[in-house]
file upload_37.cif (mmCIF, C-alpha atoms and all ligand atoms)
data_final
#
loop_
_atom_site.label_atom_id
_atom_site.label_comp_id
_atom_site.auth_asym_id
_atom_site.auth_seq_id
_atom_site.Cartn_x
_atom_site.Cartn_y
_atom_site.Cartn_z
CA MET Y 1 -9.66 26.96 19.60
CA LYS Y 2 -12.65 25.20 21.11
CA LEU Y 3 -13.61 22.27 18.92
CA ALA Y 4 -17.31 21.71 18.27
CA PHE Y 5 -16.72 18.00 19.00
CA PRO Y 6 -13.64 15.96 19.86
CA ALA Y 7 -11.12 15.51 17.03
CA ALA Y 8 -10.56 12.00 15.70
CA PRO Y 9 -7.55 10.33 17.33
CA GLN Y 10 -4.22 10.56 15.49
CA VAL Y 11 -3.66 7.39 13.45
CA THR Y 12 -0.27 5.84 14.20
CA ILE Y 13 1.83 2.84 13.18
CA PRO Y 14 4.30 1.43 15.70
CA VAL Y 15 8.00 1.73 15.01
CA ALA Y 16 9.69 -1.70 15.17
CA GLY Y 17 11.71 -2.28 18.30
CA GLY Y 18 9.42 -0.31 20.58
CA GLU Y 19 10.70 3.11 19.52
CA GLY Y 20 7.32 4.84 19.63
CA ALA Y 21 5.08 5.26 16.60
CA VAL Y 22 4.82 7.22 13.37
CA PRO Y 23 1.84 9.58 12.98
CA VAL Y 24 0.02 8.94 9.70
CA ARG Y 25 -0.98 11.96 7.63
CA ARG Y 26 -2.01 10.66 4.21
CA ILE Y 27 -1.91 7.28 2.47
CA TRP Y 28 -0.89 7.29 -1.16
CA CYS Y 29 -0.91 4.15 -3.29
CA VAL Y 30 0.87 3.42 -6.57
CA GLY Y 31 -1.06 1.52 -9.25
CA ARG Y 32 0.50 -1.24 -11.37
CA ASN Y 33 4.10 -0.99 -10.23
CA TYR Y 34 5.11 -4.57 -11.08
CA ALA Y 35 5.05 -5.67 -14.72
CA GLU Y 36 3.49 -9.11 -14.10
CA HIS Y 37 0.66 -7.58 -12.05
CA ALA Y 38 0.02 -4.92 -14.71
CA ARG Y 39 -0.25 -7.74 -17.25
CA GLU Y 40 -2.62 -9.80 -15.08
CA MET Y 41 -4.86 -6.70 -14.84
CA GLY Y 42 -4.82 -6.37 -18.64
CA HIS Y 43 -2.35 -3.51 -19.11
CA ASP Y 44 0.94 -2.95 -20.90
CA PRO Y 45 3.48 -2.29 -18.15
CA ASP Y 46 6.10 -0.68 -20.35
CA ARG Y 47 4.39 2.46 -21.52
CA GLU Y 48 2.49 3.71 -18.51
CA PRO Y 49 3.83 6.34 -16.12
CA PRO Y 50 2.97 5.68 -12.47
CA PHE Y 51 -0.44 6.80 -11.26
CA PHE Y 52 -1.69 7.32 -7.75
CA PHE Y 53 -4.79 6.92 -5.65
CA SER Y 54 -5.32 7.37 -1.94
CA LYS Y 55 -6.88 5.84 1.11
CA PRO Y 56 -7.97 7.70 4.24
CA ALA Y 57 -5.38 7.65 7.04
CA ASP Y 58 -7.75 5.74 9.32
CA ALA Y 59 -7.79 2.80 6.88
CA ILE Y 60 -4.62 1.64 8.68
CA VAL Y 61 -4.98 -1.67 10.54
CA ALA Y 62 -2.45 -2.96 13.07
CA ASN Y 63 -0.52 -6.20 12.60
CA GLY Y 64 -2.34 -9.15 14.16
CA THR Y 65 -5.87 -7.78 13.75
CA ALA Y 66 -8.87 -10.00 13.02
CA ILE Y 67 -10.63 -7.74 10.50
CA PRO Y 68 -14.37 -7.91 9.80
CA TYR Y 69 -15.01 -8.84 6.15
CA PRO Y 70 -15.96 -5.48 4.57
CA PRO Y 71 -19.46 -4.66 3.36
CA GLY Y 72 -20.46 -4.13 -0.26
CA THR Y 73 -18.22 -6.74 -1.85
CA LYS Y 74 -18.12 -10.38 -2.84
CA ASP Y 75 -14.55 -10.15 -4.16
CA LEU Y 76 -12.13 -8.77 -1.57
CA HIS Y 77 -8.54 -9.06 -2.88
CA HIS Y 78 -5.15 -9.03 -1.18
CA GLU Y 79 -2.30 -6.89 -2.58
CA ILE Y 80 0.96 -7.27 -0.67
CA GLU Y 81 3.07 -4.09 -0.86
CA LEU Y 82 6.16 -2.33 0.39
CA VAL Y 83 5.08 0.62 2.56
CA VAL Y 84 7.26 3.73 2.54
CA VAL Y 85 6.92 6.22 5.42
CA LEU Y 86 8.13 9.76 4.82
CA GLY Y 87 9.84 11.54 7.68
CA LYS Y 88 10.41 14.68 5.68
CA GLY Y 89 8.13 16.39 3.17
CA GLY Y 90 8.60 18.60 0.17
CA THR Y 91 7.60 19.43 -3.38
CA ASP Y 92 9.52 18.67 -6.56
CA ILE Y 93 11.88 16.38 -4.67
CA LYS Y 94 14.77 15.28 -6.88
CA VAL Y 95 15.22 11.53 -7.44
CA ALA Y 96 18.75 11.79 -6.03
CA ASP Y 97 17.42 13.36 -2.80
CA ALA Y 98 14.24 11.32 -2.40
CA LEU Y 99 15.51 8.50 -0.17
CA GLY Y 100 16.67 11.16 2.31
CA HIS Y 101 12.98 11.92 2.89
CA VAL Y 102 12.17 8.35 3.96
CA PHE Y 103 11.79 7.57 7.66
CA GLY Y 104 11.30 3.84 7.21
CA TYR Y 105 9.57 0.87 5.63
CA GLY Y 106 6.81 -1.58 6.45
CA VAL Y 107 4.89 -4.51 5.00
CA GLY Y 108 1.38 -3.58 3.94
CA LEU Y 109 -1.74 -4.96 2.30
CA ASP Y 110 -3.66 -2.76 -0.13
CA MET Y 111 -6.96 -4.56 0.37
CA THR Y 112 -9.24 -4.06 -2.60
CA ARG Y 113 -12.94 -4.58 -3.22
CA ARG Y 114 -12.13 -5.78 -6.75
CA ASP Y 115 -15.74 -6.00 -7.87
CA LEU Y 116 -16.38 -2.34 -6.94
CA GLN Y 117 -13.07 -1.26 -8.48
CA GLY Y 118 -13.92 -3.15 -11.69
CA GLN Y 119 -17.33 -1.47 -11.88
CA ALA Y 120 -15.74 1.94 -11.33
CA LYS Y 121 -13.16 1.33 -14.07
CA LYS Y 122 -15.85 0.26 -16.51
CA MET Y 123 -17.97 3.33 -15.80
CA GLY Y 124 -15.08 5.80 -15.65
CA ARG Y 125 -15.84 6.51 -11.98
CA PRO Y 126 -13.49 7.09 -9.01
CA TRP Y 127 -11.86 4.11 -7.29
CA GLU Y 128 -12.50 5.17 -3.68
CA MET Y 129 -15.18 2.62 -2.86
CA GLY Y 130 -12.98 -0.13 -4.27
CA LYS Y 131 -9.81 1.02 -2.52
CA GLY Y 132 -10.36 3.61 0.21
CA PHE Y 133 -12.78 1.77 2.49
CA ASP Y 134 -12.57 1.14 6.24
CA GLN Y 135 -9.72 -1.05 7.46
CA SER Y 136 -8.36 -1.46 3.92
CA ALA Y 137 -4.71 -0.80 4.82
CA PRO Y 138 -3.15 -3.35 7.20
CA CYS Y 139 0.46 -2.44 7.96
CA SER Y 140 3.31 -3.96 9.96
CA ALA Y 141 5.53 -2.05 12.37
CA ILE Y 142 7.83 0.39 10.59
CA GLN Y 143 11.55 -0.37 10.37
CA PRO Y 144 13.56 2.86 10.38
CA ALA Y 145 15.83 3.35 7.37
CA THR Y 146 18.57 4.14 9.89
CA THR Y 147 18.31 0.46 10.93
CA ILE Y 148 17.62 -1.42 7.69
CA GLY Y 149 18.71 1.00 4.96
CA HIS Y 150 16.64 1.33 1.77
CA PRO Y 151 15.55 -2.08 0.48
CA ALA Y 152 15.75 -2.15 -3.33
CA LYS Y 153 15.68 -5.94 -3.68
CA GLY Y 154 14.42 -8.91 -1.71
CA ALA Y 155 11.49 -11.31 -1.73
CA ILE Y 156 7.97 -10.01 -1.21
CA TRP Y 157 5.19 -12.53 -0.76
CA VAL Y 158 1.84 -13.25 0.85
CA LYS Y 159 0.37 -16.57 1.89
CA VAL Y 160 -3.32 -17.23 2.41
CA ASN Y 161 -3.94 -20.04 4.90
CA GLY Y 162 -0.33 -21.11 4.48
CA GLN Y 163 -0.44 -21.25 0.68
CA THR Y 164 1.74 -18.80 -1.28
CA LYS Y 165 -0.45 -16.58 -3.47
CA GLN Y 166 1.69 -13.59 -4.45
CA THR Y 167 5.41 -13.67 -4.81
CA GLY Y 168 7.90 -11.26 -6.33
CA ASP Y 169 11.02 -9.25 -5.67
CA LEU Y 170 11.32 -5.57 -4.82
CA ASN Y 171 13.74 -5.27 -7.75
CA GLN Y 172 10.77 -5.91 -10.10
CA GLN Y 173 9.18 -2.56 -9.23
CA ILE Y 174 8.75 -0.59 -12.46
CA TRP Y 175 9.19 2.70 -10.58
CA LYS Y 176 11.75 2.67 -7.80
CA VAL Y 177 10.89 4.19 -4.42
CA GLU Y 178 12.98 7.30 -5.12
CA GLU Y 179 11.33 7.81 -8.51
CA THR Y 180 7.87 7.34 -7.02
CA ILE Y 181 8.52 9.91 -4.29
CA SER Y 182 9.93 12.36 -6.83
CA ILE Y 183 6.99 12.03 -9.22
CA LEU Y 184 4.38 12.13 -6.43
CA SER Y 185 6.01 15.27 -4.99
CA SER Y 186 5.58 16.98 -8.36
CA LEU Y 187 1.82 16.45 -8.06
CA VAL Y 188 1.12 17.13 -4.35
CA ALA Y 189 3.07 18.66 -1.46
CA LEU Y 190 4.37 15.77 0.63
CA ALA Y 191 4.73 16.03 4.41
CA PRO Y 192 6.10 13.95 7.29
CA GLY Y 193 3.71 11.10 8.01
CA ASP Y 194 2.70 10.63 4.39
CA ILE Y 195 2.98 6.98 3.52
CA ILE Y 196 3.14 5.29 0.16
CA TYR Y 197 1.90 1.79 -0.66
CA ASN Y 198 4.29 0.98 -3.45
CA GLY Y 199 2.36 -1.42 -5.67
CA THR Y 200 1.88 -5.17 -5.71
CA PRO Y 201 3.44 -8.15 -7.53
CA ALA Y 202 1.38 -10.63 -9.54
CA GLY Y 203 -0.95 -13.18 -8.00
CA VAL Y 204 -3.70 -11.07 -6.46
CA GLY Y 205 -6.75 -13.05 -5.47
CA ALA Y 206 -9.82 -13.29 -3.30
CA VAL Y 207 -10.01 -13.55 0.47
CA VAL Y 208 -12.99 -14.97 2.34
CA LYS Y 209 -14.13 -14.98 5.96
CA GLY Y 210 -11.91 -17.20 8.05
CA ASP Y 211 -8.81 -16.66 5.90
CA LYS Y 212 -5.45 -15.87 7.49
CA LEU Y 213 -2.97 -13.73 5.52
CA ASP Y 214 0.75 -13.81 6.20
CA GLY Y 215 2.85 -11.26 4.32
CA HIS Y 216 6.61 -10.84 4.25
CA ILE Y 217 9.31 -8.65 2.76
CA ASP Y 218 12.96 -9.64 3.16
CA GLY Y 219 14.74 -7.26 5.49
CA VAL Y 220 11.55 -5.33 6.31
CA GLY Y 221 9.31 -7.64 8.29
CA ASP Y 222 6.14 -9.65 8.51
CA LEU Y 223 2.44 -8.86 8.61
CA SER Y 224 -0.38 -11.18 9.66
CA VAL Y 225 -4.08 -10.43 9.64
CA SER Y 226 -7.21 -12.53 9.38
CA TYR Y 227 -10.80 -12.00 8.23
CA ARG Y 228 -13.81 -12.80 10.37
MN MN Y 301 -2.09 -1.86 -4.79
#

call {"tool": "encode", "arguments": {"input": "upload_37.cif", "output": "structure tokens", "more": "lines below"}}
Ligand code: MN
result
Amino acid sequence: MKLAFPAAPQVTIPVAGGEGAVPVRRIWCVGRNYAEHAREMGHDPDREPPFFFSKPADAIVANGTAIPYPPGTKDLHHEIELVVVLGKGGTDIKVADALGHVFGYGVGLDMTRRDLQGQAKKMGRPWEMGKGFDQSAPCSAIQPATTIGHPAKGAIWVKVNGQTKQTGDLNQQIWKVEETISILSSLVALAPGDIIYNGTPAGVGAVVKGDKLDGHIDGVGDLSVSYR
């Protein structure tokens, strides 16, 4: 079919070790998946089922990028997260089968315009302008599960200008990766290239122009970006 204008380029994330790239279809994010972070945001972590929001695929930013500070905010926050890349889709995926749908894992930042998100919460409005803005999803290269397995524990942290700001362990996730995939697949049809930002540990905070962010997850990798 003749397109009326050229299609946007396919968004990709490199596979670690130079094994090509994964094509990104959709970005799903899990809210409040670590108890301490849920508490710092004023919620009871024990009684809430997981909930989801999304970012556009082209919010992905490559490791090493100097990102322009986004418009419309005076309170840009970092959220360091495990990123799960699906290599296989499905609906109503069973928890026991879910990890078989994972291609690999990365280190991501769910960057958040906290002031706009806070306004939206207060007014009962959608979160998109707080969460789904341009260049809001930095992500490291993806480590295939065939190489690293399925990390269920290990340190996750982010430093800002060398100072540790968020720190936690993957074993503190309220909803495990396989549970998250299963629940999400009961709500939408998942497909290869769907990626899931799996929630952030406590310690979120503001980033300003000139800041350098260094994120890490044991056994998964490292992510560094800066703001200009
Ligand atoms: Mn998040």

call {"tool": "residues_around", "arguments": {"input": "upload_37.cif", "residues": "Gly20 of chain Y", "least_positions_apart": "3", "cutoff": "12 Å", "atoms": "all atoms listed in the file", "output": "ChimeraX atom specification"}}
result
/Y:12-17,23,141-144

call {"tool": "write_last_selection", "arguments": {"input": "upload_37.cif", "atoms": "C-alpha atoms", "output": "mmCIF file, keeping the file's coordinate frame"}}
result
data_model
loop_
_atom_site.group_PDB
_atom_site.id
_atom_site.type_symbol
_atom_site.label_atom_id
_atom_site.label_comp_id
_atom_site.auth_asym_id
_atom_site.auth_seq_id
_atom_site.Cartn_x
_atom_site.Cartn_y
_atom_site.Cartn_z
ATOM 1 C CA THR Y 12 -0.270 5.840 14.200
ATOM 2 C CA ILE Y 13 1.830 2.840 13.180
ATOM 3 C CA PRO Y 14 4.300 1.430 15.700
ATOM 4 C CA VAL Y 15 8.000 1.730 15.010
ATOM 5 C CA ALA Y 16 9.690 -1.700 15.170
ATOM 6 C CA GLY Y 17 11.710 -2.280 18.300
ATOM 7 C CA PRO Y 23 1.840 9.580 12.980
ATOM 8 C CA ALA Y 141 5.530 -2.050 12.370
ATOM 9 C CA ILE Y 142 7.830 0.390 10.590
ATOM 10 C CA GLN Y 143 11.550 -0.370 10.370
ATOM 11 C CA PRO Y 144 13.560 2.860 10.380
#

call {"tool": "residues_near_ligand", "arguments": {"input": "upload_37.cif", "ligand": "ligand MN 301 (chain Y)", "cutoff": "12 Å", "atoms": "all atoms listed in the file", "output": "PyMOL selection string"}}
result
chain Y and resi 27-34+37-38+41+50-55+77-83+108-114+117+127+130-132+136-137+196-204

call {"tool": "write_last_selection", "arguments": {"input": "upload_37.cif", "atoms": "C-alpha atoms", "output": "compact mmCIF listing (two decimals), in the coordinates of the input"}}
result
# COMPACT_ATOMS: atom_id res chain seq x y z
CA ILE Y 27 -1.91 7.28 2.47
CA TRP Y 28 -0.89 7.29 -1.16
CA CYS Y 29 -0.91 4.15 -3.29
CA VAL Y 30 0.87 3.42 -6.57
CA GLY Y 31 -1.06 1.52 -9.25
CA ARG Y 32 0.50 -1.24 -11.37
CA ASN Y 33 4.10 -0.99 -10.23
CA TYR Y 34 5.11 -4.57 -11.08
CA HIS Y 37 0.66 -7.58 -12.05
CA ALA Y 38 0.02 -4.92 -14.71
CA MET Y 41 -4.86 -6.70 -14.84
CA PRO Y 50 2.97 5.68 -12.47
CA PHE Y 51 -0.44 6.80 -11.26
CA PHE Y 52 -1.69 7.32 -7.75
CA PHE Y 53 -4.79 6.92 -5.65
CA SER Y 54 -5.32 7.37 -1.94
CA LYS Y 55 -6.88 5.84 1.11
CA HIS Y 77 -8.54 -9.06 -2.88
CA HIS Y 78 -5.15 -9.03 -1.18
CA GLU Y 79 -2.30 -6.89 -2.58
CA ILE Y 80 0.96 -7.27 -0.67
CA GLU Y 81 3.07 -4.09 -0.86
CA LEU Y 82 6.16 -2.33 0.39
CA VAL Y 83 5.08 0.62 2.56
CA GLY Y 108 1.38 -3.58 3.94
CA LEU Y 109 -1.74 -4.96 2.30
CA ASP Y 110 -3.66 -2.76 -0.13
CA MET Y 111 -6.96 -4.56 0.37
CA THR Y 112 -9.24 -4.06 -2.60
CA ARG Y 113 -12.94 -4.58 -3.22
CA ARG Y 114 -12.13 -5.78 -6.75
CA GLN Y 117 -13.07 -1.26 -8.48
CA TRP Y 127 -11.86 4.11 -7.29
CA GLY Y 130 -12.98 -0.13 -4.27
CA LYS Y 131 -9.81 1.02 -2.52
CA GLY Y 132 -10.36 3.61 0.21
CA SER Y 136 -8.36 -1.46 3.92
CA ALA Y 137 -4.71 -0.80 4.82
CA ILE Y 196 3.14 5.29 0.16
CA TYR Y 197 1.90 1.79 -0.66
CA ASN Y 198 4.29 0.98 -3.45
CA GLY Y 199 2.36 -1.42 -5.67
CA THR Y 200 1.88 -5.17 -5.71
CA PRO Y 201 3.44 -8.15 -7.53
CA ALA Y 202 1.38 -10.63 -9.54
CA GLY Y 203 -0.95 -13.18 -8.00
CA VAL Y 204 -3.70 -11.07 -6.46

call {"tool": "closest_atom_pairs", "arguments": {"input": "upload_37.cif", "of": "segment 153-221 of chain Y", "to": "segment 90-96 of chain Y", "cutoff": "10 Å", "atoms": "all atoms listed in the file", "output": "JSON lines"}}
result
{"residue": "Y:Lys176", "atom": "CA", "partner": "Y:Val95", "partner_atom": "CA", "distance": 9.5}
{"residue": "Y:Val177", "atom": "CA", "partner": "Y:Val95", "partner_atom": "CA", "distance": 9.0}
{"residue": "Y:Glu178", "atom": "CA", "partner": "Y:Val95", "partner_atom": "CA", "distance": 5.3}
{"residue": "Y:Glu179", "atom": "CA", "partner": "Y:Val95", "partner_atom": "CA", "distance": 5.5}
{"residue": "Y:Thr180", "atom": "CA", "partner": "Y:Val95", "partner_atom": "CA", "distance": 8.5}
{"residue": "Y:Ile181", "atom": "CA", "partner": "Y:Ile93", "partner_atom": "CA", "distance": 7.3}
{"residue": "Y:Ser182", "atom": "CA", "partner": "Y:Ile93", "partner_atom": "CA", "distance": 5.0}
{"residue": "Y:Ile183", "atom": "CA", "partner": "Y:Asp92", "partner_atom": "CA", "distance": 7.6}
{"residue": "Y:Leu184", "atom": "CA", "partner": "Y:Asp92", "partner_atom": "CA", "distance": 8.3}
{"residue": "Y:Ser185", "atom": "CA", "partner": "Y:Thr91", "partner_atom": "CA", "distance": 4.7}
{"residue": "Y:Ser186", "atom": "CA", "partner": "Y:Asp92", "partner_atom": "CA", "distance": 4.6}
{"residue": "Y:Leu187", "atom": "CA", "partner": "Y:Thr91", "partner_atom": "CA", "distance": 8.0}
{"residue": "Y:Val188", "atom": "CA", "partner": "Y:Thr91", "partner_atom": "CA", "distance": 6.9}
{"residue": "Y:Ala189", "atom": "CA", "partner": "Y:Thr91", "partner_atom": "CA", "distance": 5.0}
{"residue": "Y:Leu190", "atom": "CA", "partner": "Y:Gly90", "partner_atom": "CA", "distance": 5.1}
{"residue": "Y:Ala191", "atom": "CA", "partner": "Y:Gly90", "partner_atom": "CA", "distance": 6.3}
{"residue": "Y:Pro192", "atom": "CA", "partner": "Y:Gly90", "partner_atom": "CA", "distance": 8.9}

call {"tool": "axis_aligned_box", "arguments": {"input": "upload_37.cif", "around": "segment 105-124 of chain Y", "padding_each_side": "3 Å", "output": "JSON"}}
result
{"center_x": -4.2, "center_y": -0.1, "center_z": -5.0, "size_x": 33.5, "size_y": 17.8, "size_z": 29.0}

call {"tool": "atom_distance", "arguments": {"input": "upload_37.cif", "atom1": "atom CA of Tyr105 of chain Y", "atom2": "atom CA of Ala145 of chain Y"}}
result
7.0 Å

call {"tool": "closest_residue", "arguments": {"input": "upload_37.cif", "among": "Y:Leu223, Y:Val160, Y:Ala152, Y:Leu76", "to": "Met129 of chain Y", "atoms": "only C-alpha atoms"}}
result
Y:Leu76

call {"tool": "residues_around", "arguments": {"input": "upload_37.cif", "residues": "Val158 of chain Y", "least_positions_apart": "2", "cutoff": "9 Å", "atoms": "all atoms listed in the file", "output": "ChimeraX atom specification"}}
result
/Y:78-80,156,160,162-167,213-217,223

call {"tool": "atom_distance", "arguments": {"input": "upload_37.cif", "atom1": "atom CA of Ile60 of chain Y", "atom2": "atom CA of Cys139 of chain Y"}}
result
6.6 Å

call {"tool": "residues_around", "arguments": {"input": "upload_37.cif", "residues": "Ser226 of chain Y", "least_positions_apart": "6", "cutoff": "7 Å", "atoms": "all atoms listed in the file", "output": "PyMOL selection string"}}
result
chain Y and resi 65-67+210-213

call {"tool": "atom_distance", "arguments": {"input": "upload_37.cif", "atom1": "atom CA of Asn171 of chain Y", "atom2": "atom CA of Pro151 of chain Y"}}
result
9.0 Å

call {"tool": "closest_residue", "arguments": {"input": "upload_37.cif", "among": "Y:Ala21, Y:Val208, Y:Val102, Y:Ile174", "to": "Glu48 of chain Y", "atoms": "only C-alpha atoms"}}
result
Y:Ile174
